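Enquirer: Questions regarding the structure given below will be posed in turn.
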Amino acid sequence: MKIPYKNIYDVLRTNRFIVLSVVIASTLTCVVSVLFVIQLHRESTNSAFVVNGDGTVVPLQLVSQRENFAVEAKAHLELFHRYFYGIDASNYERNLEKALWLGDVSVTDLYRQKQAEGVFNRLLQYSLVQEVVQVESQLELEREPYRFRSVTLFKINRGSVTDTYELTTTGKLVHVDRNFPHNTHGLLITEFFENSLRRIQTDDNQKRN
């Protein structure tokens, strides 16, 4: 008895259908996998995870961290300005060393400029006390590096005479690795510049005048 043979075109048509089915199924699998990875990446970038004492994993929303970034950035700027401008004959070396950890070469250049101009020598010679009263900062947080503008109010005590000044500074903030205890906020001041300095007329000044 002869074995009946299938039509060659029917066999090719069947094989083509199988190949197309495999290709389409593979393509759909790859697309679904890519979409799943993208979704997983988005969720991971918006969440952090910690482990409780009982071993359970607790998600933390990074949104709250971003909301707190403005507070942390302002704290960094206030800390820097208090270190850099709140100095006297007994603490200026220690405070300036701490301030230099919070900024880049632009801060170092300004420090060297003040040193060359004899600012710190006059501080020692006349026993001046420079006290920071208030630091107000404005930030642009749309994208990094983050621009800032700070207004620092400080007093210079010359014994019986106290003068009040308002200093406006600008620059940018960038993220760096946290360095305890030198840079606890993980931020670095760049392109730092002293824009303007003006003396504020106070009641004591008016009485002297």
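In the structure tokens, chains take letters A, B, ... by order of appearance, with residues numbered from 1 within each chain and ligands from 1 in the order shown.
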Going by DSSP on the backbone, which residues of segment 27-197 of chain A come out as strand (DSSP E or B)? List them as a PyMOL selection string.
Expert: chain A and resi 47-51+57-61+88+103+129-140+146-157+162-175+179+183+187-197
Enquirer: So how far away is atom CA of Gly86 of chain A from atom CA of Val129 of chain A, in Å?
Expert: 8.0 Å
Enquirer: I'd like the contact shell of Asn91 of chain A - 12 Å cut-off, only C-alpha atoms, skipping same-chain residues fewer than 6 positions apart - returned as a VMD selection string.
Expert: chain A and resid 82 to 85 97 to 98 120 123 to 124 127 to 131
Enquirer: Go ahead and write the residues just picked, C-alpha atoms, as a short mmCIF file (atom, residue, chain, number, x, y, z; two decimals), in the first residue's frame.
Expert:
data_model
loop_
_atom_site.label_atom_id
_atom_site.label_comp_id
_atom_site.auth_asym_id
_atom_site.auth_seq_id
_atom_site.Cartn_x
_atom_site.Cartn_y
_atom_site.Cartn_z
CA ARG A 82 27.67 80.79 59.52
CA TYR A 83 31.01 79.02 59.28
CA PHE A 84 32.47 81.31 56.62
CA TYR A 85 31.28 84.65 58.03
CA GLU A 97 38.24 74.86 57.59
CA LYS A 98 34.71 73.53 58.12
CA PHE A 120 41.92 87.75 58.72
CA LEU A 123 40.44 90.24 62.54
CA LEU A 124 43.37 89.24 64.75
CA SER A 127 40.09 91.46 67.96
CA LEU A 128 36.99 91.77 65.81
CA VAL A 129 33.96 89.58 66.38
CA GLN A 130 31.87 88.86 63.29
CA GLU A 131 28.51 87.34 64.24
#
Enquirer: Compare A:Val32, A:Val19, A:Ile189, A:Ile200 by their minimum atom-to-atom distance to Leu167 of chain A, counting only C-alpha atoms, and give me the closest one.
Expert: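 Between A:Val32, A:Val19, A:Ile189, A:Ile200, the residue approaching Leu167 of chain A most closely is A:Ile200.
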Enquirer: Rounded to one decimal place, report the atom CA of Thr168 of chain A-atom CA of Phe180 of chain A distance in Å.
Expert: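 Straight-line distance from atom CA of Thr168 of chain A to atom CA of Phe180 of chain A works out to 28.5 Å.
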Enquirer: What's the 7 Å shell around Tyr146 of chain A, counting only C-alpha atoms, without same-chain residues fewer than 2 positions away, as a PyMOL selection string?
Expert: chain A and resi 139-141+143-144+148+172-174
Enquirer: Between atom CA of Ser137 of chain A and atom CA of Ala75 of chain A, what is the spacing in Å?
Expert: 9.3 Å
Enquirer: Quick one: of A:Ile18, A:Ala70, A:Leu102, A:Leu40, who's nearest to Glu142 of chain A, counting only C-alpha atoms?
Expert: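 Nearest to Glu142 of chain A: A:Ala70.
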Enquirer: Can you pull out every residue within 6 Å of Thr152 of chain A, counting only C-alpha atoms, but drop anything in the same chain fewer than 3 positions away, and send it as a count of residues only?
Expert: 4
Enquirer: At a cut-off of 12 Å, using only C-alpha atoms, what residues contact Asn183 of chain A? Leave out same-chain residues fewer than 2 positions from it and give the result as a VMD selection string.
Expert: chain A and resid 72 to 73 75 to 77 79 to 80 97 to 103 175 to 181 185 to 189
Enquirer: Would you write out those residues with C-alpha atoms, as a PDB file, in the first residue's frame?
Expert:
ATOM      1  CA  GLU A  72      18.190  70.334  53.654  1.00  0.00           C
ATOM      2  CA  ALA A  73      19.654  72.632  50.976  1.00  0.00           C
ATOM      3  CA  ALA A  75      20.306  74.150  56.086  1.00  0.00           C
ATOM      4  CA  HIS A  76      23.490  73.483  54.094  1.00  0.00           C
ATOM      5  CA  LEU A  77      23.645  77.095  52.928  1.00  0.00           C
ATOM      6  CA  LEU A  79      25.677  76.214  57.872  1.00  0.00           C
ATOM      7  CA  PHE A  80      28.203  77.361  55.279  1.00  0.00           C
ATOM      8  CA  GLU A  97      38.242  74.856  57.590  1.00  0.00           C
ATOM      9  CA  LYS A  98      34.706  73.526  58.119  1.00  0.00           C
ATOM     10  CA  ALA A  99      33.326  75.958  55.528  1.00  0.00           C
ATOM     11  CA  LEU A 100      35.824  74.847  52.875  1.00  0.00           C
ATOM     12  CA  TRP A 101      34.430  71.294  53.096  1.00  0.00           C
ATOM     13  CA  LEU A 102      31.035  72.637  51.967  1.00  0.00           C
ATOM     14  CA  GLY A 103      32.169  74.376  48.756  1.00  0.00           C
ATOM     15  CA  HIS A 175      24.935  66.547  44.946  1.00  0.00           C
ATOM     16  CA  VAL A 176      28.047  64.809  46.270  1.00  0.00           C
ATOM     17  CA  ASP A 177      28.615  61.841  48.549  1.00  0.00           C
ATOM     18  CA  ARG A 178      27.823  62.519  52.177  1.00  0.00           C
ATOM     19  CA  ASN A 179      30.925  62.872  54.288  1.00  0.00           C
ATOM     20  CA  PHE A 180      30.424  62.633  58.035  1.00  0.00           C
ATOM     21  CA  PRO A 181      31.125  64.859  59.879  1.00  0.00           C
ATOM     22  CA  HIS A 185      24.008  67.078  53.715  1.00  0.00           C
ATOM     23  CA  GLY A 186      25.799  65.621  50.684  1.00  0.00           C
ATOM     24  CA  LEU A 187      25.775  68.957  48.839  1.00  0.00           C
ATOM     25  CA  LEU A 188      28.531  71.137  47.420  1.00  0.00           C
ATOM     26  CA  ILE A 189      28.466  74.875  46.732  1.00  0.00           C
TER      27      ILE A 189
END
Enquirer: Pull the helix (DSSP H, G or I) assignments for segment 15-178 of chain A out of DSSP run on the backbone, and list those residues as a VMD selection string.
Expert: chain A and resid 15 to 45 62 to 85 92 to 100 105 to 116 119 to 125
Enquirer: For C-alpha atoms, I'd like the residues from the last selection saved as a short mmCIF file (atom, residue, chain, number, x, y, z; two decimals), in the first residue's frame.
Expert:
data_model
loop_
_atom_site.label_atom_id
_atom_site.label_comp_id
_atom_site.auth_asym_id
_atom_site.auth_seq_id
_atom_site.Cartn_x
_atom_site.Cartn_y
_atom_site.Cartn_z
CA ASN A 15 5.50 25.65 8.48
CA ARG A 16 5.13 29.35 7.69
CA PHE A 17 2.18 29.60 10.06
CA ILE A 18 4.19 27.95 12.84
CA VAL A 19 7.20 30.23 12.27
CA LEU A 20 5.04 33.36 12.20
CA SER A 21 3.26 32.28 15.36
CA VAL A 22 6.56 31.73 17.16
CA VAL A 23 7.94 35.09 15.98
CA ILE A 24 4.79 36.98 16.99
CA ALA A 25 4.65 35.25 20.38
CA SER A 26 8.35 36.02 20.99
CA THR A 27 7.86 39.66 20.00
CA LEU A 28 4.88 40.06 22.31
CA THR A 29 6.83 38.44 25.14
CA CYS A 30 9.75 40.84 24.62
CA VAL A 31 7.46 43.88 24.49
CA VAL A 32 5.64 42.85 27.67
CA SER A 33 8.97 42.20 29.40
CA VAL A 34 10.33 45.63 28.41
CA LEU A 35 7.17 47.35 29.61
CA PHE A 36 7.33 45.45 32.88
CA VAL A 37 10.99 46.43 33.41
CA ILE A 38 10.19 50.10 32.69
CA GLN A 39 7.33 50.06 35.17
CA LEU A 40 9.49 48.33 37.76
CA HIS A 41 12.24 50.91 37.24
CA ARG A 42 9.82 53.80 37.71
CA GLU A 43 8.46 52.29 40.88
CA SER A 44 11.95 51.66 42.25
CA THR A 45 13.11 55.21 41.52
CA LEU A 62 11.15 59.31 47.80
CA VAL A 63 8.63 62.04 47.14
CA SER A 64 8.88 63.06 50.78
CA GLN A 65 12.66 63.07 50.47
CA ARG A 66 12.42 65.43 47.52
CA GLU A 67 10.10 67.67 49.46
CA ASN A 68 12.62 67.75 52.29
CA PHE A 69 15.49 68.54 49.91
CA ALA A 70 14.67 72.26 49.97
CA VAL A 71 14.91 72.25 53.75
CA GLU A 72 18.19 70.33 53.65
CA ALA A 73 19.65 72.63 50.98
CA LYS A 74 18.78 75.74 52.99
CA ALA A 75 20.31 74.15 56.09
CA HIS A 76 23.49 73.48 54.09
CA LEU A 77 23.64 77.10 52.93
CA GLU A 78 23.00 78.47 56.40
CA LEU A 79 25.68 76.21 57.87
CA PHE A 80 28.20 77.36 55.28
CA HIS A 81 27.48 81.07 55.75
CA ARG A 82 27.67 80.79 59.52
CA TYR A 83 31.01 79.02 59.28
CA PHE A 84 32.47 81.31 56.62
CA TYR A 85 31.28 84.65 58.03
CA TYR A 92 38.27 81.66 62.45
CA GLU A 93 40.73 78.92 61.45
CA ARG A 94 38.44 76.14 62.68
CA ASN A 95 35.30 77.66 61.16
CA LEU A 96 36.89 78.40 57.80
CA GLU A 97 38.24 74.86 57.59
CA LYS A 98 34.71 73.53 58.12
CA ALA A 99 33.33 75.96 55.53
CA LEU A 100 35.82 74.85 52.87
CA VAL A 105 37.32 75.78 44.37
CA SER A 106 35.23 78.97 44.05
CA VAL A 107 34.97 79.08 47.84
CA THR A 108 38.67 78.31 48.20
CA ASP A 109 39.55 81.13 45.79
CA LEU A 110 37.42 83.58 47.76
CA TYR A 111 39.11 82.46 50.98
CA ARG A 112 42.56 83.01 49.46
CA GLN A 113 41.49 86.40 48.14
CA LYS A 114 40.36 87.51 51.59
CA GLN A 115 43.57 86.14 53.04
CA ALA A 116 45.67 88.13 50.53
CA VAL A 119 40.92 90.38 56.17
CA PHE A 120 41.92 87.75 58.72
CA ASN A 121 44.97 89.72 59.86
CA ARG A 122 42.71 92.67 60.71
CA LEU A 123 40.44 90.24 62.54
CA LEU A 124 43.37 89.24 64.75
CA GLN A 125 44.89 92.71 65.03
#
Enquirer: Between A:Gly171, A:Glu117, A:Glu136, A:Arg198, which residue has the minimum interatomic distance to Ser150 of chain A, considering only C-alpha atoms?
Expert: A:Glu136
